[in-house]
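Report on one structure; see the data block that follows.
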Amino acid sequence: MMMKRLFFVVACVLGMVCAQAQDFETGSLEIRPMVGLNLSSLRNVDGAKYTLYYQFGAEAEYFVAPNIGLSGGLMYSLQGCNFDTSEGSNNDGFVKLHYLNIPLLVNFYAFKNFAIKAGIQPGFLVSSKVGAYAFNRKYQTDASSMFKKFDLAIPMGCSYTFSNWQVDARYNLSLTKLFKDDAILVEGAKGDNGYNSVIQLSVGYNFWIK
């Protein structure tokens with residue numbers, strides 16, 4: 001929890017101290033390709049550790065007022081976690097979950113260029129792998145029978161726009177249980193009540209359509 005709070009405080013401070021200004025016009029539309037990093041883990045799963053993955057995709061934002069934008073997107077997002085399953089081990093196991101996420105957000109520009117945002121995010125699981133490291137090798141297997149295909153999350157965060165660039169920081173709080181049934185991911189890591197938990201930092205470039 002402390003790491004999440006620090007992440008957003010730093011992102012917000014950086015946004016407010018930036019100097020360039022950008023005017024938003026009511027009725028304007030922007031298309032924004034995005035790429036970024038996921039700091040991902042699984043809530044309520046024993047031994048789960050935050051792990052660095054990636055995301056990419058695009059969003060479109062329509063301004064219904066000079067300080068309010070409505071955005072929707074399609075993002076390919078690699079999520080999951082690593083595990084320490086025994087004393088002295090280092091990332092013995094892992095889960096990799098490949099999602100197509102659809103973030104739907106309300107963006108309120110509290111200061112010029114600086115937006116606070118929140119909304120809902122349906123996600124669709126397209127691939128899942130569970131594996132482990134042993135004897136300097138990686139072993140993995142398909143795990144589609146273990147995980148639910150649909151995930152619903154609440155994305156919340158902030159962004160700063162300068163020139164045509166936007167820096168965006170979010171936390172995606174999943175509301176949907178991850179597993180179909182009780183599951184043992186790897187030895188010592190039980191996950192019968194797990195949820196996705198993802199911190200995201202991304203950069204996008206705006207193409208304006210009047």
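Lettering and numbering for the structure tokens are positional, with chains as A, B, ... in the shown order, residues counted from 1 in each chain, and ligands counted from 1 in the shown order.
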Closest atom pairs, residues of region 46-117 of chain A within 12 Å of region 123-127 of chain A, only C-alpha atoms, as a tab-separated table:
residue	atom	partner	partner_atom	distance
A:Gly73	CA	A:Gly123	CA	11.3
A:Leu74	CA	A:Gly123	CA	9.5
A:Met75	CA	A:Gly123	CA	9.2
A:Tyr76	CA	A:Gly123	CA	9.6
A:Ser77	CA	A:Gly123	CA	9.3
A:Leu78	CA	A:Ser127	CA	9.5
A:Gln79	CA	A:Leu125	CA	10.1
A:Gly80	CA	A:Ser127	CA	11.5
A:Val95	CA	A:Ser127	CA	10.8
A:Lys96	CA	A:Ser127	CA	8.2
A:Leu97	CA	A:Ser127	CA	6.1
A:His98	CA	A:Ser127	CA	5.1
A:Tyr99	CA	A:Leu125	CA	4.5
A:Leu100	CA	A:Phe124	CA	5.2
A:Asn101	CA	A:Gly123	CA	4.2
A:Ile102	CA	A:Gly123	CA	6.2
A:Pro103	CA	A:Gly123	CA	8.5
A:Leu104	CA	A:Gly123	CA	11.1
Can you tell me, as a PyMOL selection string, which residues in region 6-199 of chain A count as strand (DSSP E) by DSSP?
chain A and resi 29-43+48-49+51-65+68-83+93-101+104-111+114-134+137-142+150-162+165-174+184-186+189-190+195-199
- For Trp208 (chain A), which residue among A:Tyr195, A:Tyr109, A:Phe179, A:Phe63 is the nearest when counting only C-alpha atoms?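 With only C-alpha atoms as the atom set, the closest residue is A:Phe63.
Residues surrounding Glu25 (chain A) within 12 Å are A:Gln22, A:Ser28, A:Leu29, A:Glu30, A:Glu61, A:Tyr62, A:Phe63, A:Val64, A:Ala65, A:Pro66, A:Asn67, A:Ile68, A:Gly69, A:Trp208, A:Ile209, A:Lys210 [only C-alpha atoms; sequence separation below 3 positions excluded].
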Item checked: alpha helix (DSSP H) positions in region 5-184 of chain A, given as a list in words ->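 Put together, the selection reads Arg5, Leu6, Phe7, Phe8, Val9, Val10, Ala11, Cys12, Val13, Leu14, Gly15, Met16 and Val17 of chain A.
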Of A:Phe24, A:Asp92, A:Ser174, A:Asn196, the one sitting nearest Phe108 (chain A) when using only C-alpha atoms is A:Phe24
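For the set A:Ala60, A:Leu52, A:Leu201, A:Leu42, the residue with the smallest atom-to-atom gap to Asn107 (chain A) is A:Ala60, counting only C-alpha atoms.
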- request: Would you work out the distance separating CA of Phe56 (chain A) from CA of Phe94 (chain A), expressed in Å to one decimal?
  value: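 So the two atoms, CA of Phe56 (chain A) and CA of Phe94 (chain A), lie 21.3 Å apart.
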What does the distance between CA of Met34 (chain A) and CA of Leu173 (chain A) come to in Å, to one decimal place?
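These two atoms are separated by 20.2 Å.
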Between CA of Phe83 (chain A) and CA of Tyr139 (chain A), what distance in Å does the model show, to one decimal?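 Distance between the two atoms: 14.0 Å.
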With a distance cut-off of 6 Å and only C-alpha atoms, select the neighbouring residues of Leu178 (chain A), excluding the residue or stretch itself and same-chain residues fewer than 4 positions from it, and output the selection as a PyMOL selection string.
-> chain A and resi 147-148+194-195
